[in-house]
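**Q** So that you have it, the file is run.pdb, and it contains PDB, C-alpha atoms and all ligand atoms:
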ATOM      1  CA  MET A 199      27.337  -1.564 -19.690
ATOM      2  CA  LEU A 200      23.680  -0.935 -18.825
ATOM      3  CA  ALA A 201      23.541   2.740 -17.675
ATOM      4  CA  GLU A 202      20.951   2.069 -14.955
ATOM      5  CA  ALA A 203      23.214  -0.629 -13.477
ATOM      6  CA  VAL A 204      26.267   1.662 -13.534
ATOM      7  CA  ARG A 205      24.274   4.310 -11.625
ATOM      8  CA  LEU A 206      23.584   1.846  -8.781
ATOM      9  CA  LEU A 207      27.128   0.515  -8.395
ATOM     10  CA  ALA A 208      29.571   1.741  -5.747
ATOM     11  CA  CYS A 209      33.352   1.684  -6.065
ATOM     12  CA  PRO A 210      34.758  -1.231  -4.007
ATOM     13  CA  LEU A 211      37.747   0.920  -2.978
ATOM     14  CA  CYS A 212      36.013   4.118  -1.826
ATOM     15  CA  THR A 213      32.212   3.495  -2.183
ATOM     16  CA  SER A 214      31.725   6.548  -4.433
ATOM     17  CA  ALA A 215      29.585   6.490  -7.583
ATOM     18  CA  PHE A 216      30.726   5.407 -11.041
ATOM     19  CA  ALA A 217      30.423   6.928 -14.491
ATOM     20  CA  GLU A 218      31.217   4.993 -17.665
ATOM     21  CA  ALA A 219      33.663   6.473 -20.153
ATOM     22  CA  GLY A 220      35.700   4.886 -22.906
ATOM     23  CA  GLY A 221      35.038   1.276 -21.938
ATOM     24  CA  SER A 222      35.733   1.665 -18.220
ATOM     25  CA  LEU A 223      33.907   2.595 -15.057
ATOM     26  CA  ARG A 224      35.584   5.473 -13.223
ATOM     27  CA  CYS A 225      34.554   6.507  -9.724
ATOM     28  CA  GLU A 226      34.544  10.026  -8.268
ATOM     29  CA  GLU A 227      37.965   9.364  -6.686
ATOM     30  CA  GLY A 228      39.456   8.236 -10.008
ATOM     31  CA  HIS A 229      39.536   4.456  -9.450
ATOM     32  CA  SER A 230      39.022   2.804 -12.797
ATOM     33  CA  PHE A 231      37.776  -0.675 -13.816
ATOM     34  CA  ASP A 232      37.625  -1.961 -17.380
ATOM     35  CA  VAL A 233      34.345  -3.222 -18.759
ATOM     36  CA  ALA A 234      35.172  -6.561 -20.399
ATOM     37  CA  ARG A 235      34.450  -7.125 -24.068
ATOM     38  CA  GLN A 236      31.717  -9.552 -22.953
ATOM     39  CA  GLY A 237      29.880  -6.742 -21.124
ATOM     40  CA  TYR A 238      30.620  -7.348 -17.432
ATOM     41  CA  VAL A 239      32.851  -5.407 -15.056
ATOM     42  CA  ASN A 240      35.316  -7.063 -12.695
ATOM     43  CA  LEU A 241      35.373  -5.196  -9.351
ATOM     44  CA  LEU A 242      37.371  -7.906  -7.575
ATOM     45  CA  SER A 243      41.029  -7.182  -6.912
ATOM     46  CA  SER A 244      43.054  -9.963  -8.555
ATOM     47  CA  ASP A 245      44.805 -11.159  -5.375
ATOM     48  CA  SER A 246      41.497 -11.951  -3.704
ATOM     49  CA  ALA A 247      40.056 -13.673  -6.774
ATOM     50  CA  ALA A 248      41.896 -17.003  -6.629
ATOM     51  CA  GLY A 249      39.658 -20.014  -6.065
ATOM     52  CA  LEU A 250      36.453 -18.024  -5.639
ATOM     53  CA  GLY A 251      33.421 -18.822  -7.721
ATOM     54  CA  ASP A 252      32.432 -21.538 -10.163
ATOM     55  CA  THR A 253      34.790 -22.804 -12.858
ATOM     56  CA  ALA A 254      34.127 -22.530 -16.608
ATOM     57  CA  LYS A 255      33.059 -26.191 -16.654
ATOM     58  CA  MET A 256      30.600 -25.763 -13.767
ATOM     59  CA  VAL A 257      29.058 -22.672 -15.368
ATOM     60  CA  ALA A 258      28.695 -24.376 -18.775
ATOM     61  CA  ALA A 259      26.976 -27.345 -17.096
ATOM     62  CA  ARG A 260      24.630 -25.004 -15.171
ATOM     63  CA  GLU A 261      23.790 -23.144 -18.380
ATOM     64  CA  ALA A 262      22.940 -26.424 -20.169
ATOM     65  CA  PHE A 263      20.870 -27.767 -17.248
ATOM     66  CA  LEU A 264      18.851 -24.588 -16.725
ATOM     67  CA  HIS A 265      18.429 -24.069 -20.473
ATOM     68  CA  ALA A 266      16.899 -27.559 -20.710
ATOM     69  CA  GLY A 267      14.100 -26.343 -18.425
ATOM     70  CA  HIS A 268      14.446 -28.851 -15.572
ATOM     71  CA  PHE A 269      14.325 -26.103 -12.922
ATOM     72  CA  ASP A 270      11.621 -24.035 -14.660
ATOM     73  CA  PRO A 271       9.145 -24.396 -11.757
ATOM     74  CA  LEU A 272      11.835 -22.948  -9.441
ATOM     75  CA  LEU A 273      12.630 -20.124 -11.871
ATOM     76  CA  ASP A 274       8.918 -19.333 -12.278
ATOM     77  CA  ALA A 275       8.349 -19.237  -8.519
ATOM     78  CA  VAL A 276      11.272 -16.857  -7.928
ATOM     79  CA  ALA A 277      10.315 -14.653 -10.887
ATOM     80  CA  GLU A 278       6.694 -14.371  -9.741
ATOM     81  CA  ALA A 279       7.732 -13.644  -6.152
ATOM     82  CA  ALA A 280      10.117 -10.944  -7.433
ATOM     83  CA  ARG A 281       7.368  -9.325  -9.507
ATOM     84  CA  GLU A 282       4.959  -9.418  -6.584
ATOM     85  CA  ALA A 283       7.532  -8.006  -4.141
ATOM     86  CA  ALA A 284       8.644  -5.186  -6.455
ATOM     87  CA  GLY A 285       5.171  -3.846  -7.181
ATOM     88  CA  ASP A 286       5.445  -0.318  -8.604
ATOM     89  CA  GLU A 287       8.232   0.799  -6.278
ATOM     90  CA  PRO A 288      11.546   1.933  -7.802
ATOM     91  CA  GLY A 289      14.838   0.050  -7.470
ATOM     92  CA  ALA A 290      16.738  -2.690  -9.227
ATOM     93  CA  VAL A 291      16.540  -6.450  -9.001
ATOM     94  CA  VAL A 292      19.907  -7.755  -7.824
ATOM     95  CA  ASP A 293      20.831 -11.430  -8.041
ATOM     96  CA  VAL A 294      23.524 -12.333  -5.499
ATOM     97  CA  GLY A 295      25.652 -15.300  -6.617
ATOM     98  CA  ALA A 296      23.693 -15.118  -9.859
ATOM     99  CA  GLY A 297      25.555 -17.812 -11.772
ATOM    100  CA  THR A 298      24.307 -17.755 -15.364
ATOM    101  CA  GLY A 299      21.676 -15.107 -14.550
ATOM    102  CA  HIS A 300      18.700 -17.363 -15.354
ATOM    103  CA  TYR A 301      16.755 -16.384 -12.209
ATOM    104  CA  LEU A 302      17.436 -12.686 -12.761
ATOM    105  CA  ALA A 303      16.365 -12.892 -16.409
ATOM    106  CA  ALA A 304      13.161 -14.754 -15.511
ATOM    107  CA  GLY A 305      12.331 -12.005 -12.985
ATOM    108  CA  LEU A 306      13.118  -9.146 -15.390
ATOM    109  CA  ASP A 307      10.932 -10.792 -18.051
ATOM    110  CA  ARG A 308       7.953 -10.221 -15.743
ATOM    111  CA  MET A 309       8.885  -6.633 -14.872
ATOM    112  CA  PRO A 310       8.968  -4.302 -17.860
ATOM    113  CA  ASP A 311      11.416  -1.359 -17.488
ATOM    114  CA  ARG A 312      13.178  -2.621 -14.350
ATOM    115  CA  ALA A 313      16.980  -2.940 -14.388
ATOM    116  CA  GLY A 314      18.826  -5.956 -13.032
ATOM    117  CA  ILE A 315      22.328  -6.590 -11.706
ATOM    118  CA  ALA A 316      23.998  -9.993 -11.440
ATOM    119  CA  LEU A 317      26.783 -10.345  -8.850
ATOM    120  CA  ASP A 318      29.098 -13.362  -8.924
ATOM    121  CA  ALA A 319      32.699 -14.159  -8.038
ATOM    122  CA  SER A 320      33.115 -16.219 -11.203
ATOM    123  CA  ARG A 321      34.007 -14.319 -14.355
ATOM    124  CA  TYR A 322      32.643 -17.252 -16.385
ATOM    125  CA  ALA A 323      29.297 -16.782 -14.649
ATOM    126  CA  ALA A 324      29.408 -12.985 -15.125
ATOM    127  CA  ARG A 325      30.129 -13.467 -18.826
ATOM    128  CA  ARG A 326      26.937 -15.536 -19.191
ATOM    129  CA  ALA A 327      24.888 -13.303 -16.891
ATOM    130  CA  ALA A 328      25.838 -10.190 -18.903
ATOM    131  CA  ARG A 329      24.056 -11.784 -21.875
ATOM    132  CA  ALA A 330      21.142 -13.185 -19.880
ATOM    133  CA  HIS A 331      18.839 -10.187 -20.394
ATOM    134  CA  PRO A 332      19.010  -6.823 -22.223
ATOM    135  CA  ARG A 333      18.159  -5.035 -18.950
ATOM    136  CA  ALA A 334      20.847  -6.781 -16.872
ATOM    137  CA  GLY A 335      24.393  -5.751 -15.983
ATOM    138  CA  ALA A 336      26.899  -8.210 -14.530
ATOM    139  CA  VAL A 337      29.622  -7.636 -11.944
ATOM    140  CA  VAL A 338      32.417  -9.884 -10.680
ATOM    141  CA  CYS A 339      32.775  -9.424  -6.911
ATOM    142  CA  ASP A 340      33.087 -11.339  -3.662
ATOM    143  CA  VAL A 341      29.724 -11.187  -1.906
ATOM    144  CA  TRP A 342      31.350 -11.908   1.478
ATOM    145  CA  ARG A 343      32.864  -8.435   1.248
ATOM    146  CA  ALA A 344      31.020  -5.127   0.929
ATOM    147  CA  LEU A 345      28.603  -5.479  -1.982
ATOM    148  CA  PRO A 346      29.594  -2.964  -4.705
ATOM    149  CA  LEU A 347      26.178  -1.306  -4.596
ATOM    150  CA  ARG A 348      24.902   1.998  -3.305
ATOM    151  CA  ASP A 349      22.782   1.982  -0.133
ATOM    152  CA  GLY A 350      19.166   1.099  -0.898
ATOM    153  CA  ALA A 351      19.856   0.330  -4.572
ATOM    154  CA  ALA A 352      17.868  -2.913  -4.670
ATOM    155  CA  ARG A 353      14.093  -3.258  -4.547
ATOM    156  CA  VAL A 354      14.427  -7.039  -4.743
ATOM    157  CA  LEU A 355      17.419  -9.242  -3.975
ATOM    158  CA  ILE A 356      17.497 -12.810  -5.255
ATOM    159  CA  ASP A 357      19.702 -15.431  -3.640
ATOM    160  CA  ALA A 358      19.358 -18.912  -5.126
ATOM    161  CA  PHE A 359      21.700 -21.537  -3.645
ATOM    162  CA  ALA A 360      24.345 -18.824  -3.140
ATOM    163  CA  PRO A 361      26.275 -17.240  -0.241
ATOM    164  CA  ARG A 362      24.265 -14.854   1.960
ATOM    165  CA  ASN A 363      25.820 -11.801   3.554
ATOM    166  CA  GLY A 364      23.034 -10.549   5.874
ATOM    167  CA  PRO A 365      24.393  -7.133   6.900
ATOM    168  CA  GLU A 366      25.300  -6.183   3.340
ATOM    169  CA  MET A 367      22.023  -7.454   1.935
ATOM    170  CA  ALA A 368      20.159  -5.338   4.474
ATOM    171  CA  ARG A 369      22.276  -2.281   3.549
ATOM    172  CA  VAL A 370      21.629  -2.471  -0.203
ATOM    173  CA  LEU A 371      17.896  -3.184   0.105
ATOM    174  CA  ALA A 372      15.628  -0.183  -0.433
ATOM    175  CA  GLU A 373      13.192   0.617   2.375
ATOM    176  CA  GLY A 374      10.390  -1.936   2.135
ATOM    177  CA  GLY A 375      12.478  -4.088  -0.230
ATOM    178  CA  THR A 376      12.513  -7.883  -0.220
ATOM    179  CA  LEU A 377      15.205 -10.551  -0.243
ATOM    180  CA  LEU A 378      14.130 -13.833  -1.865
ATOM    181  CA  VAL A 379      16.160 -16.821  -0.689
ATOM    182  CA  LEU A 380      15.973 -20.212  -2.369
ATOM    183  CA  THR A 381      17.396 -23.079  -0.297
ATOM    184  CA  PRO A 382      17.261 -26.842  -0.907
ATOM    185  CA  THR A 383      15.194 -29.063   1.394
ATOM    186  CA  GLU A 384      16.503 -32.459   2.490
ATOM    187  CA  ARG A 385      14.528 -34.054  -0.393
ATOM    188  CA  HIS A 386      16.374 -32.030  -3.058
ATOM    189  CA  LEU A 387      18.087 -34.443  -5.501
ATOM    190  CA  ALA A 388      17.833 -37.135  -2.806
ATOM    191  CA  GLU A 389      17.674 -39.931  -5.443
ATOM    192  CA  LEU A 390      21.178 -38.976  -6.639
ATOM    193  CA  ARG A 391      22.950 -38.704  -3.333
ATOM    194  CA  GLU A 392      24.144 -42.295  -3.248
ATOM    195  CA  PRO A 393      24.458 -43.215  -6.937
ATOM    196  CA  LEU A 394      26.309 -40.002  -7.865
ATOM    197  CA  ALA A 395      28.006 -39.394  -4.509
ATOM    198  CA  MET A 396      26.464 -35.930  -4.301
ATOM    199  CA  LEU A 397      26.775 -33.919  -1.116
ATOM    200  CA  ALA A 398      23.744 -34.215   1.134
ATOM    201  CA  VAL A 399      21.853 -31.109   2.187
ATOM    202  CA  ASP A 400      22.835 -30.222   5.711
ATOM    203  CA  GLU A 401      19.771 -31.081   7.812
ATOM    204  CA  HIS A 402      20.233 -27.872   9.774
ATOM    205  CA  LYS A 403      20.513 -25.738   6.633
ATOM    206  CA  ALA A 404      17.273 -23.828   7.244
ATOM    207  CA  GLU A 405      18.296 -22.970  10.807
ATOM    208  CA  ARG A 406      21.734 -21.825   9.640
ATOM    209  CA  VAL A 407      20.205 -19.547   6.994
ATOM    210  CA  ASP A 408      17.829 -18.096   9.561
ATOM    211  CA  ALA A 409      20.657 -17.502  12.015
ATOM    212  CA  ALA A 410      22.817 -15.811   9.374
ATOM    213  CA  LEU A 411      20.094 -13.453   8.155
ATOM    214  CA  GLY A 412      17.942 -13.107  11.257
ATOM    215  CA  THR A 413      19.807 -10.268  12.922
ATOM    216  CA  GLN A 414      19.210  -7.727  10.127
ATOM    217  CA  LEU A 415      16.271  -9.253   8.313
ATOM    218  CA  VAL A 416      12.898 -10.666   9.257
ATOM    219  CA  ALA A 417      11.595 -13.849   7.632
ATOM    220  CA  GLY A 418       8.170 -13.616   6.029
ATOM    221  CA  ARG A 419       6.148 -16.040   3.939
ATOM    222  CA  ARG A 420       7.793 -19.342   2.956
ATOM    223  CA  THR A 421       6.751 -21.389  -0.073
ATOM    224  CA  GLU A 422       7.781 -24.984  -0.770
ATOM    225  CA  ILE A 423       8.347 -25.866  -4.416
ATOM    226  CA  GLU A 424       8.707 -29.505  -5.297
ATOM    227  CA  THR A 425       8.801 -31.039  -8.753
ATOM    228  CA  GLU A 426       9.810 -34.349 -10.306
ATOM    229  CA  MET A 427      12.304 -34.152 -13.161
ATOM    230  CA  GLU A 428      12.913 -36.836 -15.803
ATOM    231  CA  LEU A 429      16.652 -36.757 -16.380
ATOM    232  CA  ASP A 430      18.687 -38.539 -19.053
ATOM    233  CA  HIS A 431      22.397 -39.240 -18.691
ATOM    234  CA  SER A 432      23.447 -35.952 -20.247
ATOM    235  CA  SER A 433      21.281 -33.926 -17.847
ATOM    236  CA  LEU A 434      22.510 -36.006 -14.906
ATOM    237  CA  ARG A 435      26.087 -35.186 -15.919
ATOM    238  CA  ASP A 436      25.248 -31.460 -16.113
ATOM    239  CA  LEU A 437      23.510 -31.556 -12.746
ATOM    240  CA  ALA A 438      26.424 -33.307 -11.055
ATOM    241  CA  THR A 439      28.957 -31.005 -12.736
ATOM    242  CA  MET A 440      27.256 -27.698 -11.921
ATOM    243  CA  GLY A 441      27.141 -28.171  -8.163
ATOM    244  CA  PRO A 442      29.605 -28.258  -5.290
ATOM    245  CA  SER A 443      29.911 -32.055  -5.500
ATOM    246  CA  ALA A 444      31.775 -31.615  -8.812
ATOM    247  CA  ARG A 445      34.808 -30.421  -6.885
ATOM    248  CA  HIS A 446      35.060 -33.815  -5.161
ATOM    249  CA  THR A 447      34.385 -36.214  -8.059
ATOM    250  CA  ASP A 448      36.532 -36.774 -11.140
ATOM    251  CA  ARG A 449      34.981 -36.995 -14.576
ATOM    252  CA  ALA A 450      35.783 -40.693 -15.246
ATOM    253  CA  ALA A 451      34.316 -41.779 -11.900
ATOM    254  CA  LEU A 452      31.198 -39.681 -12.539
ATOM    255  CA  ASP A 453      30.745 -41.212 -16.011
ATOM    256  CA  ARG A 454      31.055 -44.714 -14.533
ATOM    257  CA  ARG A 455      28.425 -43.937 -11.920
ATOM    258  CA  ILE A 456      26.054 -42.416 -14.495
ATOM    259  CA  SER A 457      26.397 -45.328 -16.925
ATOM    260  CA  ALA A 458      25.183 -47.695 -14.177
ATOM    261  CA  LEU A 459      21.879 -45.765 -13.962
ATOM    262  CA  PRO A 460      18.749 -46.254 -16.110
ATOM    263  CA  GLY A 461      18.538 -44.120 -19.297
ATOM    264  CA  ARG A 462      15.911 -41.915 -17.705
ATOM    265  CA  LEU A 463      15.617 -41.324 -13.993
ATOM    266  CA  ALA A 464      12.977 -39.527 -11.907
ATOM    267  CA  VAL A 465      14.711 -37.005  -9.639
ATOM    268  CA  THR A 466      13.089 -34.655  -7.113
ATOM    269  CA  ALA A 467      13.844 -30.938  -7.027
ATOM    270  CA  SER A 468      12.672 -29.568  -3.687
ATOM    271  CA  VAL A 469      13.320 -26.065  -2.383
ATOM    272  CA  THR A 470      12.028 -23.490   0.063
ATOM    273  CA  LEU A 471      11.515 -19.912  -1.107
ATOM    274  CA  THR A 472      11.645 -17.480   1.811
ATOM    275  CA  ARG A 473      10.794 -13.783   1.624
ATOM    276  CA  TRP A 474      12.906 -11.602   3.953
ATOM    277  CA  ARG A 475      12.436  -7.929   4.776
ATOM    278  CA  VAL A 476      14.695  -5.447   6.495
ATOM    279  CA  GLY A 477      14.030  -5.771  10.229
ATOM    280  CA  PRO A 478      13.158  -3.072  12.734
ATOM    281  CA  ASP A 479      16.543  -3.159  14.536
ATOM    282  CA  SER A 480      18.862  -2.778  11.522
TER     283      SER A 480
HETATM  284  C1  LIG A 501      25.255 -22.999  -6.558
HETATM  285  S1  LIG A 501      25.670 -21.648  -7.606
HETATM  286  C2  LIG A 501      24.081 -20.825  -7.826
HETATM  287  C3  LIG A 501      24.020 -19.969  -9.064
HETATM  288  C4  LIG A 501      22.621 -19.389  -9.384
HETATM  289  N1  LIG A 501      22.102 -18.592  -8.300
HETATM  290  C5  LIG A 501      21.672 -20.513  -9.715
HETATM  291  O1  LIG A 501      20.960 -20.960  -8.811
HETATM  292  O2  LIG A 501      21.664 -20.966 -10.850
HETATM  293  C6  LIG A 501      26.533 -20.545  -6.506
HETATM  294  C7  LIG A 501      27.074 -19.319  -7.222
HETATM  295  O3  LIG A 501      27.678 -18.481  -6.230
HETATM  296  C8  LIG A 501      28.917 -18.005  -6.738
HETATM  297  N2  LIG A 501      29.773 -17.698  -5.593
HETATM  298  C9  LIG A 501      30.378 -18.557  -4.726
HETATM  299  N3  LIG A 501      31.088 -17.882  -3.796
HETATM  300  C10 LIG A 501      30.926 -16.563  -4.079
HETATM  301  C11 LIG A 501      31.399 -15.357  -3.468
HETATM  302  N4  LIG A 501      32.173 -15.378  -2.397
HETATM  303  N5  LIG A 501      31.025 -14.188  -4.035
HETATM  304  C12 LIG A 501      30.224 -14.151  -5.130
HETATM  305  N6  LIG A 501      29.738 -15.247  -5.731
HETATM  306  C13 LIG A 501      30.094 -16.445  -5.209
HETATM  307  C14 LIG A 501      29.429 -19.128  -7.625
HETATM  308  O4  LIG A 501      30.362 -18.663  -8.591
HETATM  309  C15 LIG A 501      28.137 -19.639  -8.242
HETATM  310  O5  LIG A 501      27.843 -18.989  -9.456
HETATM  311 ZN    ZN A 502      36.794   4.649  -5.883
END
Any chance you could give the structure as structure tokens?
**A**
Amino acid sequence: MLAEAVRLLACPLCTSAFAEAGGSLRCEEGHSFDVARQGYVNLLSSDSAAGLGDTAKMVAAREAFLHAGHFDPLLDAVAEAAREAAGDEPGAVVDVGAGTGHYLAAGLDRMPDRAGIALDASRYAARRAARAHPRAGAVVCDVWRALPLRDGAARVLIDAFAPRNGPEMARVLAEGGTLLVLTPTERHLAELREPLAMLAVDEHKAERVDAALGTQLVAGRRTEIETEMELDHSSLRDLATMGPSARHTDRAALDRRISALPGRLAVTASVTLTRWRVGPDS
């Protein structure tokens, strides 16, 4: 596993530092975790792993959709904001709920020499994220628990459509570091809500995010990114399969709904990118 990533990780059982030896990470207290053949380490204890994180099918659909470039304006905006926020200060880029690692990789591409860490509860996601960039390491963990990172390890945190644990994010951010949060607006994928029975964005989403992060972190500049995508049936299937709505719709019903749509459909992607900094009272 990437040595720089190993140096920034903390043992989930005792918070001490890791060293890599013989295909495992071993902490100062002797707790040991195997590095998987695919290059990621699973720091989640097996009894807490059930049901957490995206399935293999969801991750494959996300990979296909992002690879096709439909969200490139979103990826570019996050990557540029990460580069800007990092400046010349030390510290890693950590993607929380990283999925396939596309956002992390786009950021690292713009920052020569900086290491990245992808955190996700899904081992299918971690498997992809471990291959997303030569300077990225991937870790399976539950981000609602203590993040398996040393205090101040991250110069930039990325959180795109993923769970947000305010106190832990504040703890792992370096002094002066930045958390970048990407959240959908109410216009995001609005054209598909009815025809594909996709879950609507909660109209109070922005307020809920602010409330969850606001006690440790201070919101800074917000940028709206909106783009129109031209999606064919295959991309529509990927989009519906990669998101939370997939858990409520079976494949045959989804195919029926998609086949009733035109061969190409204009769909809006609309998100808010918010920059958060560690607040004065944390
Ligand atoms: C909507 S996806 C976003 C993935 C990626 N950030 C992107 O935008 O492409 C949410 C991700 O959060 C992960 N996730 C959900 N609950 C989690 C948890 N408790 N701990 C860590 N990751 C979690 C899922 O496995 C999934 O990869
Ligand atoms: Zn330990």
**Q** Report, as lines of an AutoDock Vina configuration file, the centre and edge lengths in Å (one decimal) of the axis-aligned box enclosing every listed atom of ligand LIG 501 (chain A), padded by 8 Å on each side.
**A**
center_x = 26.6
center_y = -18.6
center_z = -6.6
size_x = 27.2
size_y = 24.8
size_z = 24.5
**Q** Could you check how far atom CA of A:Ala404 sits from atom CA of A:Ala467, in Å to one decimal?
**A** 16.3 Å
**Q** Would you name the residues within 9 Å of ligand LIG 501 (chain A), counting all atoms listed in the file, and put them as a PyMOL selection string?
**A** chain A and resi 250-253+256-257+260-261+264+273+293-302+317-324+338-343+356-362+380+440-442
**Q** Limited to C-alpha atoms, could you put the picked residues into a file as a short mmCIF file (atom, residue, chain, number, x, y, z; two decimals), keeping the file's coordinate frame?
**A**
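Writing done, so here's result_10.cif:
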data_model
loop_
_atom_site.label_atom_id
_atom_site.label_comp_id
_atom_site.auth_asym_id
_atom_site.auth_seq_id
_atom_site.Cartn_x
_atom_site.Cartn_y
_atom_site.Cartn_z
CA LEU A 250 36.45 -18.02 -5.64
CA GLY A 251 33.42 -18.82 -7.72
CA ASP A 252 32.43 -21.54 -10.16
CA THR A 253 34.79 -22.80 -12.86
CA MET A 256 30.60 -25.76 -13.77
CA VAL A 257 29.06 -22.67 -15.37
CA ARG A 260 24.63 -25.00 -15.17
CA GLU A 261 23.79 -23.14 -18.38
CA LEU A 264 18.85 -24.59 -16.73
CA LEU A 273 12.63 -20.12 -11.87
CA ASP A 293 20.83 -11.43 -8.04
CA VAL A 294 23.52 -12.33 -5.50
CA GLY A 295 25.65 -15.30 -6.62
CA ALA A 296 23.69 -15.12 -9.86
CA GLY A 297 25.56 -17.81 -11.77
CA THR A 298 24.31 -17.76 -15.36
CA GLY A 299 21.68 -15.11 -14.55
CA HIS A 300 18.70 -17.36 -15.35
CA TYR A 301 16.76 -16.38 -12.21
CA LEU A 302 17.44 -12.69 -12.76
CA LEU A 317 26.78 -10.34 -8.85
CA ASP A 318 29.10 -13.36 -8.92
CA ALA A 319 32.70 -14.16 -8.04
CA SER A 320 33.12 -16.22 -11.20
CA ARG A 321 34.01 -14.32 -14.36
CA TYR A 322 32.64 -17.25 -16.39
CA ALA A 323 29.30 -16.78 -14.65
CA ALA A 324 29.41 -12.98 -15.12
CA VAL A 338 32.42 -9.88 -10.68
CA CYS A 339 32.78 -9.42 -6.91
CA ASP A 340 33.09 -11.34 -3.66
CA VAL A 341 29.72 -11.19 -1.91
CA TRP A 342 31.35 -11.91 1.48
CA ARG A 343 32.86 -8.44 1.25
CA ILE A 356 17.50 -12.81 -5.26
CA ASP A 357 19.70 -15.43 -3.64
CA ALA A 358 19.36 -18.91 -5.13
CA PHE A 359 21.70 -21.54 -3.64
CA ALA A 360 24.34 -18.82 -3.14
CA PRO A 361 26.28 -17.24 -0.24
CA ARG A 362 24.26 -14.85 1.96
CA LEU A 380 15.97 -20.21 -2.37
CA MET A 440 27.26 -27.70 -11.92
CA GLY A 441 27.14 -28.17 -8.16
CA PRO A 442 29.60 -28.26 -5.29
#
**Q** Please compute the atom CA of A:Thr213-atom CA of A:Thr413 distance, one decimal, in Å.
**A**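 The value is 23.9 Å.
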**Q** Could you pull the residues within 9 Å of A:Arg205, counting all atoms listed in the file, minus those fewer than 3 positions along the same chain, as JSON, numbers by chain?
**A** {"A": [200, 201, 202, 208, 215, 216, 217, 348]}
**Q** List the spatial neighbours of A:Leu377 as a PyMOL selection string - criterion: any atom at most 8 Å away, all atoms listed in the file, same-chain residues fewer than 6 positions off excluded.
**A** chain A and resi 354-357+367+371+473-475
**Q** Please provide the set of residues having any atom within 8 Å of A:Leu272, restricted to all atoms listed in the file, with same-chain residues fewer than 4 positions apart removed, written as a list in words.
**A**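 Residues meeting the cut-off are Val276, Ile423 and Val469 of chain A.
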**Q** What do you get, as a ChimeraX atom specification, if you spell out every residue that the PyMOL selection byres (((not hetatm)) within 9 of (chain A and resi 502)) selects here?
**A** /A:208-216,224-230
**Q** If we draw a sphere of 12 Å around (34.4, -5.3, -22.5), which residues have at least one atom in it when counting only C-alpha atoms? Please report them as a list in words.
**A**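 Checking each residue against the 12 Å limit leaves Met199, Glu218, Gly220, Gly221, Ser222, Leu223, Phe231, Asp232, Val233, Ala234, Arg235, Gln236, Gly237, Tyr238, Val239, Asn240, Ala324, Arg325, Ala328, Gly335, Ala336 and Val337 of chain A.
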**Q** At what distance in Å, to one decimal, does atom CA of A:Leu471 lie from atom CA of A:His331?
**A**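 That distance, rounded to one decimal, is 22.8 Å.
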**Q** Applied to the shown file, which residues does the PyMOL selection byres (((chain A and resi 390) around 12) and not hetatm) return, written as a short mmCIF file (atom, residue, chain, number, x, y, z; two decimals) with C-alpha atoms, in the frame of the given file?
**A**
data_model
loop_
_atom_site.label_atom_id
_atom_site.label_comp_id
_atom_site.auth_asym_id
_atom_site.auth_seq_id
_atom_site.Cartn_x
_atom_site.Cartn_y
_atom_site.Cartn_z
CA ARG A 385 14.53 -34.05 -0.39
CA HIS A 386 16.37 -32.03 -3.06
CA LEU A 387 18.09 -34.44 -5.50
CA ALA A 388 17.83 -37.14 -2.81
CA GLU A 389 17.67 -39.93 -5.44
CA ARG A 391 22.95 -38.70 -3.33
CA GLU A 392 24.14 -42.30 -3.25
CA PRO A 393 24.46 -43.22 -6.94
CA LEU A 394 26.31 -40.00 -7.86
CA ALA A 395 28.01 -39.39 -4.51
CA MET A 396 26.46 -35.93 -4.30
CA LEU A 397 26.78 -33.92 -1.12
CA ALA A 398 23.74 -34.22 1.13
CA VAL A 399 21.85 -31.11 2.19
CA LEU A 429 16.65 -36.76 -16.38
CA LEU A 434 22.51 -36.01 -14.91
CA ARG A 435 26.09 -35.19 -15.92
CA LEU A 437 23.51 -31.56 -12.75
CA ALA A 438 26.42 -33.31 -11.06
CA SER A 443 29.91 -32.06 -5.50
CA LEU A 452 31.20 -39.68 -12.54
CA ARG A 455 28.42 -43.94 -11.92
CA ILE A 456 26.05 -42.42 -14.50
CA LEU A 459 21.88 -45.76 -13.96
CA LEU A 463 15.62 -41.32 -13.99
CA ALA A 464 12.98 -39.53 -11.91
CA VAL A 465 14.71 -37.01 -9.64
CA THR A 466 13.09 -34.66 -7.11
CA ALA A 467 13.84 -30.94 -7.03
#
**Q** Rank nothing, just name the residue among A:Ala219, A:Ala259, A:Ala304, A:Ala327 nearest to A:Glu278, using only C-alpha atoms.
**A** A:Ala304
**Q** Go through A:Val476, A:Ala444, A:Ala372, A:Asp400 one by one, measure the shortest atom-to-atom distance of each to A:Val416 using only C-alpha atoms, and give the residue with the smallest value.
**A**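 Distance minimum relative to A:Val416 lands on A:Val476.
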**Q** Can you pull out every residue within 9 Å of A:Ala368, counting all atoms listed in the file, but drop anything in the same chain fewer than 5 positions away, and send it as number ranges by chain?
**A** A: 350, 363, 377, 411, 414-415, 475-477, 480
**Q** Please determine the residues with any atom at most 6 Å from (21.3, 1.4, 2.3) (coordinates as given in the file, with all atoms listed in the file counting) and report them as a PyMOL selection string.
**A** chain A and resi 349-350+369-370
**Q** Which residue, A:Ala275, A:Ala258, A:Ala290, A:Leu207, has the smallest gap to A:Gly314 when you use all atoms listed in the file?
**A**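 Using all atoms listed in the file, the shortest distance to A:Gly314 belongs to A:Ala290.
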**Q** Restricting the calculation to only C-alpha atoms: of A:Asp311, A:Arg445, A:Gly375, A:Thr381, which residue gets closest to A:Ala280?
**A**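 The answer is A:Gly375, which sits nearest to A:Ala280.
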**Q** When you look at A:Thr472 with a cut-off of 8 Å (counting only C-alpha atoms), what residues show up, excluding the ones that are within fewer than 6 positions of it in the same chain? I need them as a PyMOL selection string.
**A** chain A and resi 378-380+417-421
